[in-house]
>>> print(open('upload.txt').read())   # compact mmCIF, C-alpha atoms and all ligand atoms
# COMPACT_ATOMS: atom_id res chain seq x y z
CA MET T 228 -1.93 -15.49 5.57
CA ASN T 229 -0.58 -17.55 2.70
CA ALA T 230 3.05 -18.60 2.58
CA ALA T 231 3.89 -16.40 -0.41
CA MET T 232 2.72 -13.28 1.39
CA ARG T 233 4.58 -14.21 4.55
CA ASP T 234 7.85 -14.37 2.62
CA LYS T 235 7.35 -11.23 0.59
CA ASN T 236 8.98 -7.95 1.47
CA ILE T 237 6.42 -5.20 1.98
CA VAL T 238 7.73 -2.06 0.30
CA LEU T 239 6.49 1.42 1.15
CA ILE T 240 6.57 4.14 -1.52
CA GLY T 241 5.29 7.72 -1.63
CA PHE T 242 6.38 11.33 -1.65
CA MET T 243 9.03 12.72 0.71
CA GLY T 244 7.62 13.31 4.16
CA VAL T 245 4.49 11.17 3.81
CA GLY T 246 5.70 9.01 6.72
CA LYS T 247 7.21 5.95 5.06
CA THR T 248 9.85 5.49 7.76
CA THR T 249 7.55 6.11 10.74
CA ILE T 250 4.76 3.92 9.37
CA GLY T 251 7.31 1.28 8.35
CA GLN T 252 8.69 1.11 11.90
CA LEU T 253 5.18 0.76 13.31
CA LEU T 254 4.33 -1.98 10.82
CA SER T 255 7.52 -3.77 11.72
CA LYS T 256 6.51 -3.84 15.40
CA LYS T 257 2.90 -4.78 14.72
CA LEU T 258 3.79 -7.60 12.35
CA GLY T 259 6.97 -8.79 14.05
CA ARG T 260 8.96 -8.28 10.85
CA ASP T 261 12.35 -6.65 10.34
CA PHE T 262 12.44 -3.04 9.16
CA ILE T 263 14.81 -1.74 6.50
CA ASP T 264 15.08 1.92 5.51
CA ILE T 265 17.10 2.01 2.29
CA ASP T 266 18.24 5.64 2.73
CA GLN T 267 19.31 5.03 6.33
CA GLN T 268 21.31 1.98 5.22
CA ILE T 269 23.08 4.04 2.57
CA GLU T 270 23.82 6.81 5.10
CA LYS T 271 25.24 4.31 7.56
CA ASP T 272 27.39 2.44 5.05
CA PHE T 273 28.79 5.57 3.40
CA GLN T 274 29.06 7.49 6.67
CA MET T 275 27.39 10.52 5.13
CA THR T 276 23.90 11.98 5.02
CA ILE T 277 21.86 11.91 1.80
CA PRO T 278 22.29 15.70 1.33
CA GLU T 279 26.07 15.23 1.75
CA MET T 280 26.03 12.43 -0.82
CA PHE T 281 24.13 14.62 -3.31
CA GLN T 282 26.64 17.39 -2.73
CA GLN T 283 29.86 15.38 -2.73
CA LYS T 284 29.09 12.59 -5.18
CA GLY T 285 26.13 13.89 -7.16
CA GLU T 286 22.55 12.72 -7.64
CA ALA T 287 23.48 10.15 -10.33
CA PHE T 288 25.74 8.36 -7.83
CA PHE T 289 22.96 8.35 -5.24
CA ARG T 290 20.43 6.98 -7.76
CA GLN T 291 22.81 4.17 -8.79
CA THR T 292 23.50 3.36 -5.14
CA GLU T 293 19.82 3.29 -4.18
CA LYS T 294 19.16 0.93 -7.11
CA GLU T 295 21.93 -1.44 -5.97
CA TYR T 296 20.63 -1.43 -2.39
CA ILE T 297 17.04 -2.08 -3.47
CA PHE T 298 18.09 -4.94 -5.75
CA GLN T 299 20.17 -6.43 -2.91
CA MET T 300 17.17 -6.21 -0.63
CA CYS T 301 14.94 -7.92 -3.23
CA GLU T 302 17.45 -10.72 -3.74
CA HIS T 303 18.61 -11.35 -0.18
CA THR T 304 15.82 -10.37 2.22
CA MET T 305 12.48 -12.00 2.89
CA GLY T 306 9.43 -10.88 4.80
CA SER T 307 10.73 -7.46 5.80
CA ILE T 308 9.10 -4.05 5.84
CA VAL T 309 11.10 -1.77 3.55
CA SER T 310 10.92 2.00 3.20
CA LEU T 311 12.21 3.40 -0.14
CA GLY T 312 13.29 6.97 -0.86
CA GLY T 313 10.56 8.97 -2.59
CA GLY T 314 12.43 9.11 -5.90
CA ALA T 315 13.35 5.43 -6.19
CA PHE T 316 10.33 4.49 -8.32
CA GLN T 317 11.46 6.97 -10.99
CA GLN T 318 13.76 4.19 -12.15
CA GLU T 319 11.88 1.66 -14.21
CA ASP T 320 14.26 -1.14 -13.20
CA ILE T 321 13.44 -0.54 -9.53
CA ARG T 322 9.70 -0.42 -10.19
CA LYS T 323 9.79 -3.65 -12.16
CA LYS T 324 11.92 -5.49 -9.63
CA CYS T 325 9.82 -4.42 -6.65
CA LEU T 326 6.50 -5.15 -8.36
CA GLU T 327 7.73 -8.59 -9.42
CA GLN T 328 9.12 -9.62 -6.06
CA CYS T 329 7.53 -7.52 -3.32
CA PHE T 330 4.16 -6.23 -2.16
CA VAL T 331 4.20 -2.48 -2.87
CA ILE T 332 2.15 -0.06 -0.78
CA PHE T 333 1.71 3.53 -1.94
CA LEU T 334 1.22 5.96 0.94
CA ASP T 335 -0.73 8.86 -0.53
CA LEU T 336 -1.49 12.34 0.79
CA THR T 337 -2.93 15.50 -0.71
CA TRP T 338 -0.88 18.52 -1.73
CA GLU T 339 -2.71 20.65 0.88
CA ASN T 340 -1.55 18.41 3.68
CA TRP T 341 1.94 18.02 2.31
CA LYS T 342 2.30 21.80 2.04
CA GLN T 343 1.77 22.10 5.78
CA ARG T 344 4.74 19.85 6.59
CA MET T 345 6.96 21.24 3.85
CA ASP T 346 9.05 23.53 6.07
CA LEU T 347 10.14 20.60 8.23
CA LEU T 348 11.33 18.64 5.20
CA ILE T 349 13.23 20.97 2.92
CA GLU T 350 16.59 21.11 4.68
CA ASN T 351 17.24 17.37 4.43
CA ARG T 352 15.75 16.87 0.95
CA PRO T 353 18.18 18.06 -1.71
CA VAL T 354 15.67 17.58 -4.54
CA LEU T 355 13.55 20.31 -2.94
CA HIS T 356 16.38 22.81 -2.66
CA ASN T 357 16.06 25.93 -4.79
CA ARG T 358 12.55 25.08 -5.94
CA SER T 359 9.69 27.53 -5.78
CA ILE T 360 6.40 26.38 -4.27
CA GLU T 361 4.98 26.06 -7.79
CA GLU T 362 7.90 23.86 -8.82
CA MET T 363 7.43 21.70 -5.74
CA LYS T 364 3.77 21.30 -6.61
CA GLN T 365 4.74 20.28 -10.11
CA LEU T 366 7.17 17.66 -8.76
CA PHE T 367 4.49 16.43 -6.35
CA ASN T 368 2.06 15.96 -9.24
CA GLU T 369 4.64 14.38 -11.55
CA ARG T 370 5.57 11.87 -8.90
CA LYS T 371 1.97 10.66 -8.69
CA SER T 372 2.44 8.95 -12.05
CA ILE T 373 5.39 6.89 -10.78
CA TYR T 374 3.57 5.92 -7.60
CA ALA T 375 0.64 4.69 -9.73
CA PHE T 376 2.55 1.40 -9.94
CA HIS T 377 1.61 -0.32 -6.68
CA ASN T 378 -0.34 -3.22 -5.17
CA LEU T 379 -2.18 -1.23 -2.53
CA LYS T 380 -2.83 2.48 -2.10
CA VAL T 381 -3.46 3.91 1.36
CA GLU T 382 -4.71 7.44 2.01
CA THR T 383 -2.89 9.00 4.96
CA ASP T 384 -4.61 12.41 5.09
CA ASN T 385 -7.03 11.73 7.90
CA ARG T 386 -5.04 9.07 9.70
CA SER T 387 -2.24 9.24 12.22
CA ALA T 388 0.83 7.08 11.52
CA GLU T 389 -0.51 4.56 14.05
CA GLU T 390 -3.94 4.47 12.40
CA THR T 391 -2.36 4.08 8.97
CA ALA T 392 -0.28 1.14 10.17
CA ASP T 393 -3.33 -0.47 11.80
CA TYR T 394 -5.31 0.02 8.61
CA ILE T 395 -2.59 -1.65 6.53
CA VAL T 396 -2.45 -4.63 8.91
CA GLU T 397 -6.24 -4.94 8.61
CA MET T 398 -6.26 -4.58 4.81
CA LEU T 399 -3.63 -7.24 4.37
CA GLY T 400 -5.16 -9.59 6.87
CA LEU T 401 -1.70 -9.96 8.34
CA GLY T 402 -0.98 -10.64 11.93
CA ARG T 403 1.53 -12.53 13.98
CA SER T 404 0.93 -16.21 13.37
C1 LIG Z 1 14.22 11.69 -2.60
C2 LIG Z 1 13.61 11.31 -1.41
C3 LIG Z 1 14.38 11.08 -0.17
C4 LIG Z 1 15.80 10.64 -0.49
C5 LIG Z 1 16.46 11.61 -1.41
C6 LIG Z 1 15.70 11.78 -2.74
C7 LIG Z 1 13.35 11.96 -3.78
O1 LIG Z 1 13.74 10.08 0.62
O2 LIG Z 1 15.83 9.37 -1.04
O3 LIG Z 1 16.56 12.84 -0.76
O4 LIG Z 1 13.90 12.11 -4.91
O5 LIG Z 1 12.11 12.01 -3.61
P1 LIG Z 1 12.36 10.31 1.45
O6 LIG Z 1 11.22 10.06 0.51
O7 LIG Z 1 12.43 9.28 2.53
O8 LIG Z 1 12.39 11.69 1.96
>>> encode(input="upload.txt", output="structure tokens", more="lines below")
Ligand code: S3P
Amino acid sequence: MNAAMRDKNIVLIGFMGVGKTTIGQLLSKKLGRDFIDIDQQIEKDFQMTIPEMFQQKGEAFFRQTEKEYIFQMCEHTMGSIVSLGGGAFQQEDIRKKCLEQCFVIFLDLTWENWKQRMDLLIENRPVLHNRSIEEMKQLFNERKSIYAFHNLKVETDNRSAEETADYIVEMLGLGRS
């Protein structure tokens, strides 16, 4: 592994519920790197859940906060595994910063597979509230264009979280060294 890659943060992007946090935690263990979940950090610092933040402070406040946290991470952290919220890459500033400074991995899955986990996700995902299935499908497809900005794309459909993490380690040629 070259020195530049060792120092880079590895950032996971992808649609809500694809497994960014679970896969990120596995990668962290396998690679011996720290794990940062931006949404969990925000929840901890503000002592409120993301749905509570959307409700009490509004989505614009959340988006500004997630941008500040991601920029902080880019500036002050090295060599960590970082899971971003699924909407973070909507903001061009975030995309640019992450692509300049980090290694960005897009975790992809098909609509058919996502649909099967949908019921487990909705309650804690305010952007899915009050959307019909057709509207969710539209959002899912729209989001593909923002995730198109990445360094590596990994299909998760036929892989468990463990297999996905192993595949990423293999693809990157990263190991403890
Ligand atoms: C969001 C995704 C969520 C969270 C927030 C908004 C989105 O993160 O940041 O509810 O707009 O896609 P996960 O992708 O971890 O669910």
>>> residues_near_ligand(input="upload.txt", ligand="ligand LIG 1 (chain Z)", cutoff="6 Å", atoms="only C-alpha atoms and all ligand atoms", output="PyMOL selection string")
chain T and resi 242-244+266+277+312-314+352-354
>>> atom_distance(input="upload.txt", atom1="atom CA of Thr383 of chain T", atom2="atom CA of Phe333 of chain T")
9.9 Å
>>> closest_residue(input="upload.txt", among="T:Gln328, T:Gln318, T:Asn357, T:Ser372", to="Thr304 of chain T", atoms="all atoms listed in the file")
T:Gln328
>>> closest_residue(input="upload.txt", among="T:Glu319, T:Glu350, T:Glu270, T:Asp264", to="Phe289 of chain T", atoms="only C-alpha atoms")
T:Glu270
>>> atom_distance(input="upload.txt", atom1="atom CA of Glu389 of chain T", atom2="atom CA of Ser255 of chain T")
11.8 Å
>>> closest_residue(input="upload.txt", among="T:Ile308, T:Ile349, T:Val396, T:Met275", to="Ile240 of chain T", atoms="all atoms listed in the file")
T:Ile308
>>> atom_distance(input="upload.txt", atom1="atom CA of Gln343 of chain T", atom2="atom CA of Val245 of chain T")
11.4 Å
>>> residues_around(input="upload.txt", residues="Ala375 of chain T", least_positions_apart="3", cutoff="10 Å", atoms="all atoms listed in the file", output="PDB file with C-alpha atoms, in the coordinates of the input")
ATOM      1  CA  GLY T 241       5.290   7.720  -1.630  1.00  0.00           C
ATOM      2  CA  PHE T 316      10.330   4.490  -8.320  1.00  0.00           C
ATOM      3  CA  PHE T 333       1.710   3.530  -1.940  1.00  0.00           C
ATOM      4  CA  ARG T 370       5.570  11.870  -8.900  1.00  0.00           C
ATOM      5  CA  LYS T 371       1.970  10.660  -8.690  1.00  0.00           C
ATOM      6  CA  SER T 372       2.440   8.950 -12.050  1.00  0.00           C
ATOM      7  CA  ASN T 378      -0.340  -3.220  -5.170  1.00  0.00           C
ATOM      8  CA  LEU T 379      -2.180  -1.230  -2.530  1.00  0.00           C
ATOM      9  CA  LYS T 380      -2.830   2.480  -2.100  1.00  0.00           C
TER      10      LYS T 380
END
>>> closest_residue(input="upload.txt", among="T:Leu336, T:Ile321, T:Val309, T:Ala231", to="Arg386 of chain T", atoms="all atoms listed in the file")
T:Leu336
>>> residues_near_point(input="upload.txt", point="(-3.1, 7.4, 10.8)", cutoff="12 Å", atoms="all atoms listed in the file", output="list of chain:residue names")
T:Val245, T:Gly246, T:Lys247, T:Thr249, T:Ile250, T:Leu253, T:Leu254, T:Leu334, T:Asp335, T:Leu336, T:Val381, T:Glu382, T:Thr383, T:Asp384, T:Asn385, T:Arg386, T:Ser387, T:Ala388, T:Glu389, T:Glu390, T:Thr391, T:Ala392, T:Asp393, T:Tyr394, T:Ile395
>>> residues_around(input="upload.txt", residues="Thr292 of chain T", least_positions_apart="4", cutoff="8 Å", atoms="all atoms listed in the file", output="list in words")
Ile269, Phe288 and Tyr296 of chain T
>>> decode(input="upload.txt", residues="segment 264-288 of chain T", atoms="N, CA and C atoms", output="PDB file, in the first residue's frame")
ATOM      1  N   ASP T 264     -18.932   7.502  11.855  1.00  0.00           N
ATOM      2  CA  ASP T 264     -20.230   7.601  11.195  1.00  0.00           C
ATOM      3  C   ASP T 264     -20.706   9.035  11.413  1.00  0.00           C
ATOM      4  N   ILE T 265     -20.774   9.803  10.333  1.00  0.00           N
ATOM      5  CA  ILE T 265     -21.055  11.235  10.459  1.00  0.00           C
ATOM      6  C   ILE T 265     -22.417  11.461  11.144  1.00  0.00           C
ATOM      7  N   ASP T 266     -23.440  10.709  10.746  1.00  0.00           N
ATOM      8  CA  ASP T 266     -24.764  10.911  11.355  1.00  0.00           C
ATOM      9  C   ASP T 266     -24.757  10.566  12.852  1.00  0.00           C
ATOM     10  N   GLN T 267     -24.044   9.505  13.199  1.00  0.00           N
ATOM     11  CA  GLN T 267     -23.985   9.139  14.627  1.00  0.00           C
ATOM     12  C   GLN T 267     -23.253  10.203  15.439  1.00  0.00           C
ATOM     13  N   GLN T 268     -22.240  10.804  14.833  1.00  0.00           N
ATOM     14  CA  GLN T 268     -21.513  11.889  15.530  1.00  0.00           C
ATOM     15  C   GLN T 268     -22.440  13.072  15.779  1.00  0.00           C
ATOM     16  N   ILE T 269     -23.216  13.407  14.748  1.00  0.00           N
ATOM     17  CA  ILE T 269     -24.148  14.540  14.876  1.00  0.00           C
ATOM     18  C   ILE T 269     -25.180  14.228  15.974  1.00  0.00           C
ATOM     19  N   GLU T 270     -25.699  13.007  15.950  1.00  0.00           N
ATOM     20  CA  GLU T 270     -26.713  12.625  16.953  1.00  0.00           C
ATOM     21  C   GLU T 270     -26.144  12.727  18.368  1.00  0.00           C
ATOM     22  N   LYS T 271     -24.908  12.287  18.510  1.00  0.00           N
ATOM     23  CA  LYS T 271     -24.277  12.300  19.833  1.00  0.00           C
ATOM     24  C   LYS T 271     -24.043  13.738  20.302  1.00  0.00           C
ATOM     25  N   ASP T 272     -23.477  14.551  19.427  1.00  0.00           N
ATOM     26  CA  ASP T 272     -23.140  15.923  19.814  1.00  0.00           C
ATOM     27  C   ASP T 272     -24.386  16.764  20.108  1.00  0.00           C
ATOM     28  N   PHE T 273     -25.430  16.566  19.310  1.00  0.00           N
ATOM     29  CA  PHE T 273     -26.637  17.387  19.496  1.00  0.00           C
ATOM     30  C   PHE T 273     -27.646  16.734  20.441  1.00  0.00           C
ATOM     31  N   GLN T 274     -27.296  15.504  20.886  1.00  0.00           N
ATOM     32  CA  GLN T 274     -28.202  14.797  21.805  1.00  0.00           C
ATOM     33  C   GLN T 274     -29.617  14.702  21.236  1.00  0.00           C
ATOM     34  N   MET T 275     -29.700  14.429  19.939  1.00  0.00           N
ATOM     35  CA  MET T 275     -31.015  14.179  19.333  1.00  0.00           C
ATOM     36  C   MET T 275     -30.828  13.263  18.118  1.00  0.00           C
ATOM     37  N   THR T 276     -31.874  12.536  17.783  1.00  0.00           N
ATOM     38  CA  THR T 276     -31.778  11.652  16.617  1.00  0.00           C
ATOM     39  C   THR T 276     -31.918  12.496  15.344  1.00  0.00           C
ATOM     40  N   ILE T 277     -31.542  11.917  14.221  1.00  0.00           N
ATOM     41  CA  ILE T 277     -31.673  12.653  12.945  1.00  0.00           C
ATOM     42  C   ILE T 277     -33.153  13.017  12.685  1.00  0.00           C
ATOM     43  N   PRO T 278     -34.103  12.076  12.881  1.00  0.00           N
ATOM     44  CA  PRO T 278     -35.509  12.486  12.686  1.00  0.00           C
ATOM     45  C   PRO T 278     -35.905  13.645  13.606  1.00  0.00           C
ATOM     46  N   GLU T 279     -35.411  13.644  14.846  1.00  0.00           N
ATOM     47  CA  GLU T 279     -35.720  14.769  15.754  1.00  0.00           C
ATOM     48  C   GLU T 279     -35.116  16.068  15.223  1.00  0.00           C
ATOM     49  N   MET T 280     -33.903  15.963  14.689  1.00  0.00           N
ATOM     50  CA  MET T 280     -33.264  17.177  14.158  1.00  0.00           C
ATOM     51  C   MET T 280     -34.049  17.721  12.963  1.00  0.00           C
ATOM     52  N   PHE T 281     -34.485  16.834  12.077  1.00  0.00           N
ATOM     53  CA  PHE T 281     -35.306  17.277  10.932  1.00  0.00           C
ATOM     54  C   PHE T 281     -36.556  17.980  11.452  1.00  0.00           C
ATOM     55  N   GLN T 282     -37.153  17.402  12.481  1.00  0.00           N
ATOM     56  CA  GLN T 282     -38.426  17.928  12.974  1.00  0.00           C
ATOM     57  C   GLN T 282     -38.240  19.255  13.725  1.00  0.00           C
ATOM     58  N   GLN T 283     -37.219  19.292  14.575  1.00  0.00           N
ATOM     59  CA  GLN T 283     -37.082  20.468  15.444  1.00  0.00           C
ATOM     60  C   GLN T 283     -36.297  21.607  14.806  1.00  0.00           C
ATOM     61  N   LYS T 284     -35.341  21.261  13.950  1.00  0.00           N
ATOM     62  CA  LYS T 284     -34.475  22.318  13.395  1.00  0.00           C
ATOM     63  C   LYS T 284     -34.599  22.455  11.886  1.00  0.00           C
ATOM     64  N   GLY T 285     -35.188  21.456  11.251  1.00  0.00           N
ATOM     65  CA  GLY T 285     -35.394  21.529   9.809  1.00  0.00           C
ATOM     66  C   GLY T 285     -34.276  20.860   9.018  1.00  0.00           C
ATOM     67  N   GLU T 286     -34.615  20.469   7.786  1.00  0.00           N
ATOM     68  CA  GLU T 286     -33.626  19.764   6.953  1.00  0.00           C
ATOM     69  C   GLU T 286     -32.442  20.659   6.608  1.00  0.00           C
ATOM     70  N   ALA T 287     -32.692  21.958   6.352  1.00  0.00           N
ATOM     71  CA  ALA T 287     -31.591  22.857   5.959  1.00  0.00           C
ATOM     72  C   ALA T 287     -30.511  22.894   7.047  1.00  0.00           C
ATOM     73  N   PHE T 288     -30.954  22.910   8.314  1.00  0.00           N
ATOM     74  CA  PHE T 288     -30.003  22.910   9.429  1.00  0.00           C
ATOM     75  C   PHE T 288     -29.187  21.617   9.425  1.00  0.00           C
TER      76      PHE T 288
END
